[in-house]
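Novice: Okay, handing you the structure first.
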Amino acid sequence: MIKVLTVVDKLNLGGIEKTLLGCLEHFNENGVESHILCSHGGILDDQFVERGAILHNYKKSRWSFMRIYSFYKVILRSEVNVIHLRNGHTSGLYCLIGRLLNKFVIVSIHNESAMFKKTWQRNIFLNKIRNYYLLLQKELIVLFSDRIIGHSKANLGYFSNYKDKIKRKSLIIYNGVDFSMLDASLEKTSIRNKNINLIHVGSFKHQKNHTMLLDIFKNLVKKGYKVSLDLCGDGELQEEIKLKSLGLKVRFHGNVNDLSSLFNKAHILLFPSKHEGFGNVHIEAQYMKVAICCSDIKPHYESVFDKYHRYFFPLNSIDIATQKCEELIARLHEKDADQLLEDAKLFSHKFSNVNMAEKLVNVYYDRK
């Protein structure tokens with residue numbers, strides 16, 4: 001038996017949390033006792049406990065040092081062997097404490113760039129503080145981590161200036177999707193004429209770029225397409241997007257645990273993200289035979305079937321994005337469209353939660 005402490009913010013319906021939940025059964029089968037340090041009250045708390053995870057609560061404080069103190073106390077109390085930090089770019093101080101306590105420390109990098117205090121970039125003074133802080137965190141991660149896992153190749157690009165230093169400790173483990181949570185046996189809604197169902201899954205925050213999403217949607221409406229849009233997720237910008245979508249055929253579903261029925265009715269996942277780590281929702285959509293039209297950022301080239309790459313668009317042009325979406329709509333009306341969707345589904349299979357869990361178990365046990 002090996003005890004692994006995973007550190008996350010809160011067990012809500014994000015990609016990190018869902019992939020971790022999908023790995024728990026395989027962890028249990030391989031003698032990995034899962035301890036999770038998080039803020040209690042997440043949507044998935046009960047499901048984690050049901051699958052055998054032991055939850056530890058962060059101190060209710062906005063101050064980082066209080067969370068770090070909680071981290072320190074949990075390590076001593078639970079006697080874990082391995083620490084897996086899912087804090088990404090701000091894991092440095094945790095790495096230092098883990099090393100001081102003689103634990104094997106793993107850092108997961110889930111984004112190609114740091115999300116920490118993004119709004120500070122608008123202020124010259126605050127941006128300098130942010131950059132120095134992130135540089136300190138990066139140095140500590142490089143110095144005191146035992147493994148650095150990039151959940152896409154693009155994510156490890158964050159350490160491009162440290163290639164020689166992290167060469168022996170870095171590796172790629174793609175996120176895994178629990179396909180058992182998706183019902184692919186449902187009869188897929190066929191595409192007819194210009195009746196197109198679009199879908200987007202993601203939190204309402206600047207990273208997900210909902211404003212551009214609505215602009216593309218409006219363009220399609222102006223061009224005469226009979227389109228509808230399903231939005232899944234919640235977040236700070238939800239009310240703003242609701243106001244911008246008045247008069248449009250846009251449906252807001254909030255957080256959805258089982259996306260099967262919505263994916264079954266959808267034809268295209270429209271995804272104009274500014275930043276991503278990998279894109280679990282792309283894998284889920286392709287598994288459910290939903291085509292992909294998304295921004296041309298690096299991680300998307302890893303999570304999306306290559307035949308869809310021609311429908312990627314730059315973030316600086318609504319017109320080109322609309323054109324790419326039109327091209328994909330036209331492609332889905334061709335006779336061999338079903339084969340394209342089937343090939344993309346086969347591509348998605350290699351990103352299963354079992355594959356991910358097996359690789360993580362190997363890392364947990366191989367502590368050399």
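Ordering of the structure tokens sets the chain letters (A, B, ...), residue numbers begin anew at 1 in every chain, and ligands are numbered from 1 in the order given.
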List the spatial neighbours of Thr211 (chain A) as a PyMOL selection string - criterion: any atom at most 12 Å away, only C-alpha atoms, same-chain residues fewer than 2 positions off excluded.
Specialist: chain A and resi 204-209+213-218+237-238+240-245+271-274+315+318
Novice: At a cut-off of 8 Å, using only C-alpha atoms, what residues contact region 343-350 of chain A? Leave out same-chain residues fewer than 2 positions from it and give the result as a PyMOL selection string.
Specialist: chain A and resi 283-284+286-289+304-305+339-341+352+355
Novice: Could the residues in this selection be written to a file with all heavy atoms, as a compact mmCIF listing (two decimals), in the first residue's frame?
Specialist:
# COMPACT_ATOMS: atom_id res chain seq x y z
N ILE A 283 -12.03 15.58 -25.99
CA ILE A 283 -12.03 14.11 -26.01
C ILE A 283 -13.44 13.58 -25.80
O ILE A 283 -13.90 12.68 -26.51
CB ILE A 283 -11.08 13.55 -24.93
CG1 ILE A 283 -9.67 14.13 -25.10
CG2 ILE A 283 -11.06 12.03 -24.97
CD1 ILE A 283 -9.04 13.87 -26.45
N GLU A 284 -14.15 14.16 -24.84
CA GLU A 284 -15.53 13.74 -24.57
C GLU A 284 -16.41 13.97 -25.80
O GLU A 284 -17.22 13.11 -26.17
CB GLU A 284 -16.07 14.51 -23.36
CG GLU A 284 -15.37 14.19 -22.06
CD GLU A 284 -15.81 15.08 -20.92
OE1 GLU A 284 -16.20 16.23 -21.17
OE2 GLU A 284 -15.76 14.63 -19.77
N GLN A 286 -15.52 14.24 -29.01
CA GLN A 286 -15.16 13.36 -30.12
C GLN A 286 -15.66 11.93 -29.87
O GLN A 286 -16.08 11.24 -30.79
CB GLN A 286 -13.65 13.38 -30.35
CG GLN A 286 -13.17 14.70 -30.95
CD GLN A 286 -11.66 14.83 -30.93
OE1 GLN A 286 -11.01 14.73 -31.95
NE2 GLN A 286 -11.10 15.09 -29.75
N TYR A 287 -15.60 11.50 -28.61
CA TYR A 287 -16.12 10.18 -28.25
C TYR A 287 -17.62 10.10 -28.56
O TYR A 287 -18.13 9.04 -28.95
CB TYR A 287 -15.86 9.91 -26.77
CG TYR A 287 -16.36 8.57 -26.28
CD1 TYR A 287 -15.65 7.40 -26.56
CD2 TYR A 287 -17.54 8.48 -25.55
CE1 TYR A 287 -16.12 6.17 -26.11
CE2 TYR A 287 -18.01 7.26 -25.09
CZ TYR A 287 -17.29 6.10 -25.38
OH TYR A 287 -17.75 4.89 -24.94
N MET A 288 -18.32 11.22 -28.38
CA MET A 288 -19.77 11.27 -28.63
C MET A 288 -20.09 11.72 -30.05
O MET A 288 -21.22 12.10 -30.35
CB MET A 288 -20.43 12.20 -27.61
CG MET A 288 -20.38 11.72 -26.17
SD MET A 288 -21.33 10.19 -25.90
CE MET A 288 -22.99 10.76 -26.19
N LYS A 289 -19.08 11.69 -30.92
CA LYS A 289 -19.24 12.02 -32.35
C LYS A 289 -19.74 13.45 -32.57
O LYS A 289 -20.63 13.71 -33.39
CB LYS A 289 -20.16 11.02 -33.04
CG LYS A 289 -19.58 9.61 -33.09
CD LYS A 289 -20.44 8.67 -33.90
CE LYS A 289 -19.83 7.29 -33.98
NZ LYS A 289 -20.63 6.35 -34.80
N VAL A 304 -7.20 17.16 -30.32
CA VAL A 304 -8.20 17.10 -31.38
C VAL A 304 -7.67 16.31 -32.57
O VAL A 304 -6.52 16.49 -32.99
CB VAL A 304 -8.61 18.53 -31.83
CG1 VAL A 304 -9.59 18.47 -33.00
CG2 VAL A 304 -9.22 19.30 -30.66
N PHE A 305 -8.48 15.45 -33.13
CA PHE A 305 -8.17 14.64 -34.31
C PHE A 305 -7.66 15.52 -35.45
O PHE A 305 -8.21 16.59 -35.71
CB PHE A 305 -9.43 13.88 -34.73
CG PHE A 305 -9.27 12.95 -35.90
CD1 PHE A 305 -8.25 12.01 -35.93
CD2 PHE A 305 -10.16 13.02 -36.96
CE1 PHE A 305 -8.11 11.14 -37.01
CE2 PHE A 305 -10.04 12.16 -38.04
CZ PHE A 305 -9.01 11.23 -38.07
N GLN A 339 -18.00 8.79 -41.42
CA GLN A 339 -16.67 8.17 -41.27
C GLN A 339 -15.70 9.11 -40.55
O GLN A 339 -14.90 8.67 -39.73
CB GLN A 339 -16.11 7.79 -42.64
CG GLN A 339 -14.81 6.98 -42.58
CD GLN A 339 -14.99 5.68 -41.83
OE1 GLN A 339 -15.87 4.88 -42.14
NE2 GLN A 339 -14.15 5.44 -40.82
N LEU A 340 -15.79 10.39 -40.85
CA LEU A 340 -14.96 11.38 -40.16
C LEU A 340 -15.24 11.36 -38.66
O LEU A 340 -14.31 11.34 -37.84
CB LEU A 340 -15.23 12.77 -40.72
CG LEU A 340 -14.60 13.96 -39.97
CD1 LEU A 340 -13.08 13.89 -40.04
CD2 LEU A 340 -15.11 15.29 -40.53
N LEU A 341 -16.50 11.35 -38.29
CA LEU A 341 -16.89 11.33 -36.88
C LEU A 341 -16.44 10.05 -36.20
O LEU A 341 -16.00 10.07 -35.04
CB LEU A 341 -18.41 11.49 -36.75
CG LEU A 341 -19.00 12.82 -37.25
CD1 LEU A 341 -20.52 12.75 -37.26
CD2 LEU A 341 -18.52 13.98 -36.39
N SER A 352 -8.09 7.47 -22.50
CA SER A 352 -8.97 6.93 -21.47
C SER A 352 -8.37 7.16 -20.08
O SER A 352 -7.16 7.29 -19.92
CB SER A 352 -9.19 5.43 -21.68
OG SER A 352 -8.03 4.71 -21.34
N ASN A 355 -5.69 4.52 -19.10
CA ASN A 355 -4.33 4.78 -19.57
C ASN A 355 -3.62 5.78 -18.67
O ASN A 355 -2.46 5.61 -18.31
CB ASN A 355 -4.35 5.31 -21.01
CG ASN A 355 -4.71 4.24 -22.03
OD1 ASN A 355 -4.63 3.05 -21.74
ND2 ASN A 355 -5.12 4.66 -23.21
Novice: Within 8 Å of region 74-81 of chain A, counting only C-alpha atoms, which residues show up once you throw out same-chain ones fewer than 5 positions away? Write them as number ranges by chain, please.
Specialist: A: 2-5, 37, 56, 103-104
Novice: Would you put the residues from that selection into a file with N, CA and C atoms, as an mmCIF file, in the first residue's frame?
Specialist:
data_model
loop_
_atom_site.group_PDB
_atom_site.id
_atom_site.type_symbol
_atom_site.label_atom_id
_atom_site.label_comp_id
_atom_site.auth_asym_id
_atom_site.auth_seq_id
_atom_site.Cartn_x
_atom_site.Cartn_y
_atom_site.Cartn_z
ATOM 1 N N ILE A 2 0.530 2.205 -0.870
ATOM 2 C CA ILE A 2 1.229 3.479 -0.920
ATOM 3 C C ILE A 2 0.206 4.593 -0.728
ATOM 4 N N LYS A 3 0.565 5.586 0.068
ATOM 5 C CA LYS A 3 -0.335 6.701 0.339
ATOM 6 C C LYS A 3 0.080 7.917 -0.485
ATOM 7 N N VAL A 4 -0.871 8.453 -1.265
ATOM 8 C CA VAL A 4 -0.602 9.604 -2.120
ATOM 9 C C VAL A 4 -1.509 10.756 -1.718
ATOM 10 N N LEU A 5 -0.916 11.902 -1.425
ATOM 11 C CA LEU A 5 -1.683 13.104 -1.119
ATOM 12 C C LEU A 5 -1.742 13.986 -2.363
ATOM 13 N N LEU A 37 -6.252 16.857 -0.439
ATOM 14 C CA LEU A 37 -6.342 18.097 0.318
ATOM 15 C C LEU A 37 -7.038 19.137 -0.563
ATOM 16 N N HIS A 56 -9.176 15.786 3.025
ATOM 17 C CA HIS A 56 -8.655 16.654 4.084
ATOM 18 C C HIS A 56 -9.010 18.087 3.718
ATOM 19 N N LYS A 103 9.606 13.834 1.328
ATOM 20 C CA LYS A 103 8.571 13.162 0.560
ATOM 21 C C LYS A 103 8.908 13.236 -0.934
ATOM 22 N N PHE A 104 8.341 12.306 -1.687
ATOM 23 C CA PHE A 104 8.505 12.300 -3.135
ATOM 24 C C PHE A 104 7.458 13.263 -3.704
#
Novice: Within 8 Å of Met356 (chain A), counting only C-alpha atoms, which residues show up once you throw out same-chain ones fewer than 6 positions away? Write them as a PDB file with C-alpha atoms, in the first residue's frame, please.
Specialist:
ATOM      1  CA  CYS A  23      -8.595   7.366 -11.881  1.00  0.00           C
ATOM      2  CA  ILE A 173       0.839  12.107 -19.245  1.00  0.00           C
ATOM      3  CA  TYR A 174      -2.251  13.103 -21.181  1.00  0.00           C
ATOM      4  CA  ASN A 175      -5.461  13.641 -19.258  1.00  0.00           C
ATOM      5  CA  GLY A 176      -7.809  10.689 -19.240  1.00  0.00           C
TER       6      GLY A 176
END
Novice: So, counting only C-alpha atoms, which residue among A:Leu186, A:Met212, A:Ala154, A:Ala337 is closest to Phe263 (chain A)?
Specialist: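 Of A:Leu186, A:Met212, A:Ala154, A:Ala337, the one nearest Phe263 (chain A), counting only C-alpha atoms, is A:Leu186.
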Novice: Point out the residue among A:Cys294, A:Ile148, A:Val221, A:Ile268 with the least atom-to-atom distance to Lys249 (chain A), counting only C-alpha atoms.
Specialist: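 Counting only C-alpha atoms, the residue closest to Lys249 (chain A) is A:Val221.
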Novice: If you count only C-alpha atoms, which residues fall within 10 Å of region 121-136 of chain A, apart from same-chain ones fewer than 4 positions away, as number ranges by chain?
Specialist: A: 89-93, 114, 116-117, 140-141
Novice: Would you write out those residues with N, CA, C and O atoms, as a short mmCIF file (atom, residue, chain, number, x, y, z; two decimals), in the first residue's frame?
Specialist:
data_model
loop_
_atom_site.label_atom_id
_atom_site.label_comp_id
_atom_site.auth_asym_id
_atom_site.auth_seq_id
_atom_site.Cartn_x
_atom_site.Cartn_y
_atom_site.Cartn_z
N HIS A 89 1.49 26.06 -11.67
CA HIS A 89 2.58 27.03 -11.70
C HIS A 89 2.88 27.66 -10.34
O HIS A 89 3.93 28.29 -10.18
N THR A 90 2.00 27.51 -9.37
CA THR A 90 2.23 28.10 -8.04
C THR A 90 2.48 27.03 -6.98
O THR A 90 2.10 27.18 -5.82
N SER A 91 3.14 25.95 -7.39
CA SER A 91 3.39 24.82 -6.48
C SER A 91 4.73 24.90 -5.77
O SER A 91 5.08 24.00 -5.00
N GLY A 92 5.50 25.94 -6.02
CA GLY A 92 6.88 25.99 -5.56
C GLY A 92 7.08 25.83 -4.06
O GLY A 92 7.90 25.01 -3.61
N LEU A 93 6.35 26.60 -3.26
CA LEU A 93 6.52 26.52 -1.81
C LEU A 93 6.10 25.16 -1.26
O LEU A 93 6.70 24.65 -0.31
N ALA A 114 0.57 30.49 -16.89
CA ALA A 114 0.07 30.60 -15.52
C ALA A 114 -1.21 31.42 -15.47
O ALA A 114 -1.30 32.51 -16.05
N PHE A 116 -2.45 32.46 -12.60
CA PHE A 116 -2.37 33.23 -11.36
C PHE A 116 -2.48 34.74 -11.63
O PHE A 116 -1.70 35.31 -12.38
N LYS A 117 -3.47 35.38 -11.00
CA LYS A 117 -3.66 36.83 -11.05
C LYS A 117 -3.51 37.40 -12.46
O LYS A 117 -2.78 38.37 -12.68
N LEU A 140 11.57 27.22 -7.58
CA LEU A 140 11.37 26.26 -6.49
C LEU A 140 10.88 24.92 -7.03
O LEU A 140 11.28 23.86 -6.54
N ILE A 141 9.99 24.95 -8.02
CA ILE A 141 9.51 23.72 -8.63
C ILE A 141 10.67 22.96 -9.27
O ILE A 141 10.82 21.74 -9.08
#
Novice: Run DSSP on the backbone of this structure and report the residues of region 263-306 of chain A it assigns to helix (DSSP H, G or I), as a list in words.
Specialist: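 Taking region 263-306 of chain A and keeping helix (DSSP H, G or I) only, one gets Phe263, Asn264, Lys265, Asn280, Val281, His282, Ile283, Glu284, Ala285, Gln286, Tyr287, His300, Tyr301, Glu302, Ser303 and Asp306 of chain A.
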Novice: Which of region 34-240 of chain A end up as strand (DSSP E or B) when DSSP is run on this backbone - answer as a ChimeraX atom specification?
Specialist: /A:34-39,54-57,82-85,104-109,147-150,170-172,177,192,195-201,226-232
Novice: Output C-alpha atoms for every residue in that selection, as a PDB file, in the first residue's frame.
Specialist:
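Contents of result_1.pdb, freshly written:
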ATOM      1  CA  SER A  34      -5.804   8.419  -2.205  1.00  0.00           C
ATOM      2  CA  HIS A  35      -5.693  11.361   0.185  1.00  0.00           C
ATOM      3  CA  ILE A  36      -6.954  14.686  -1.202  1.00  0.00           C
ATOM      4  CA  LEU A  37      -6.342  18.097   0.318  1.00  0.00           C
ATOM      5  CA  CYS A  38      -8.991  20.567  -0.886  1.00  0.00           C
ATOM      6  CA  SER A  39     -11.569  23.086   0.264  1.00  0.00           C
ATOM      7  CA  ILE A  54      -9.900  10.380   2.042  1.00  0.00           C
ATOM      8  CA  LEU A  55     -10.594  14.129   2.005  1.00  0.00           C
ATOM      9  CA  HIS A  56      -8.655  16.654   4.084  1.00  0.00           C
ATOM     10  CA  ASN A  57      -9.949  20.199   4.420  1.00  0.00           C
ATOM     11  CA  VAL A  82       3.965  10.732  -2.270  1.00  0.00           C
ATOM     12  CA  ILE A  83       2.706  14.280  -2.765  1.00  0.00           C
ATOM     13  CA  HIS A  84       1.028  15.116  -6.072  1.00  0.00           C
ATOM     14  CA  LEU A  85       0.551  18.858  -6.453  1.00  0.00           C
ATOM     15  CA  PHE A 104       8.505  12.300  -3.135  1.00  0.00           C
ATOM     16  CA  VAL A 105       7.009  15.402  -4.803  1.00  0.00           C
ATOM     17  CA  ILE A 106       5.205  15.467  -8.157  1.00  0.00           C
ATOM     18  CA  VAL A 107       3.946  18.644  -9.838  1.00  0.00           C
ATOM     19  CA  SER A 108       1.257  18.568 -12.529  1.00  0.00           C
ATOM     20  CA  ILE A 109       1.196  21.418 -15.044  1.00  0.00           C
ATOM     21  CA  ARG A 147       8.775  14.771 -11.164  1.00  0.00           C
ATOM     22  CA  ILE A 148       7.115  17.403 -13.359  1.00  0.00           C
ATOM     23  CA  ILE A 149       4.151  16.090 -15.344  1.00  0.00           C
ATOM     24  CA  GLY A 150       2.918  18.018 -18.350  1.00  0.00           C
ATOM     25  CA  SER A 170       9.748  15.696 -16.718  1.00  0.00           C
ATOM     26  CA  LEU A 171       7.255  13.522 -18.610  1.00  0.00           C
ATOM     27  CA  ILE A 172       3.997  13.763 -20.551  1.00  0.00           C
ATOM     28  CA  VAL A 177     -11.562  10.646 -19.722  1.00  0.00           C
ATOM     29  CA  ARG A 192     -30.258  18.329 -41.749  1.00  0.00           C
ATOM     30  CA  ASN A 195     -30.291  23.168 -38.548  1.00  0.00           C
ATOM     31  CA  ILE A 196     -27.090  23.161 -36.521  1.00  0.00           C
ATOM     32  CA  ASN A 197     -26.754  22.551 -32.774  1.00  0.00           C
ATOM     33  CA  LEU A 198     -23.592  24.060 -31.304  1.00  0.00           C
ATOM     34  CA  ILE A 199     -22.292  23.346 -27.806  1.00  0.00           C
ATOM     35  CA  HIS A 200     -19.686  24.793 -25.477  1.00  0.00           C
ATOM     36  CA  VAL A 201     -18.602  23.359 -22.121  1.00  0.00           C
ATOM     37  CA  LYS A 226     -30.664  27.937 -38.184  1.00  0.00           C
ATOM     38  CA  VAL A 227     -28.367  27.497 -35.218  1.00  0.00           C
ATOM     39  CA  SER A 228     -28.820  26.947 -31.514  1.00  0.00           C
ATOM     40  CA  LEU A 229     -26.180  27.062 -28.794  1.00  0.00           C
ATOM     41  CA  ASP A 230     -25.995  25.088 -25.534  1.00  0.00           C
ATOM     42  CA  LEU A 231     -23.705  26.544 -22.843  1.00  0.00           C
ATOM     43  CA  CYS A 232     -22.660  24.336 -19.923  1.00  0.00           C
TER      44      CYS A 232
END
Novice: Using only C-alpha atoms, pick whichever of A:Cys325, A:Val8, A:Leu44, A:Val354 has the shortest atom-to-atom distance to Ser180 (chain A).
Specialist: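 Answer, going by the shortest atom-to-atom distance: A:Val354.
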Novice: Would you work out the distance separating CA of Glu17 (chain A) from CA of Met115 (chain A), expressed in Å to one decimal?
Specialist: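 Taking CA of Glu17 (chain A) and CA of Met115 (chain A), their separation equals 17.0 Å.
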Novice: Report the distance between CA of Cys293 (chain A) and CA of Asp319 (chain A) in Å, rounded to one decimal place.
Specialist: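 So the answer is 13.7 Å.
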Novice: What is the CA of Asn257 (chain A)-CA of Ile43 (chain A) distance in Å, reported with one decimal?
Specialist: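 CA of Ile43 (chain A) lies 9.4 Å from CA of Asn257 (chain A).
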Novice: Using only C-alpha atoms, which protein or nucleic acid residues come within 10 Å of Tyr162 (chain A)? Drop anything in the same chain fewer than 6 positions from it, and give the result as a list of chain:residue names.
Specialist: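 Final neighbour list, sorted by chain and number: A:Lys138, A:Glu139, A:Val142.
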Novice: Quick one: residues within 10 Å of Leu21 (chain A), only C-alpha atoms counted, chain neighbours fewer than 5 positions away excluded, as a PDB file with C-alpha atoms, in the first residue's frame?
Specialist:
ATOM      1  CA  LEU A  11     -13.639  19.199  -6.112  1.00  0.00           C
ATOM      2  CA  GLY A  15     -11.174  18.858 -15.947  1.00  0.00           C
ATOM      3  CA  ILE A  16      -8.579  18.213 -13.222  1.00  0.00           C
ATOM      4  CA  LEU A  44     -17.908  16.059  -6.398  1.00  0.00           C
ATOM      5  CA  ASP A  45     -16.969  15.623  -2.716  1.00  0.00           C
ATOM      6  CA  GLN A  47     -18.443  10.937  -5.276  1.00  0.00           C
ATOM      7  CA  PHE A  48     -14.770  11.022  -4.282  1.00  0.00           C
ATOM      8  CA  VAL A  49     -15.578   9.625  -0.844  1.00  0.00           C
ATOM      9  CA  ARG A  51     -14.823   5.833  -4.521  1.00  0.00           C
ATOM     10  CA  ALA A  53     -10.754   8.847  -1.340  1.00  0.00           C
ATOM     11  CA  VAL A 177     -11.562  10.646 -19.722  1.00  0.00           C
ATOM     12  CA  ASP A 178     -13.881   8.232 -17.933  1.00  0.00           C
ATOM     13  CA  ASN A 353      -8.784   7.349 -17.705  1.00  0.00           C
TER      14      ASN A 353
END
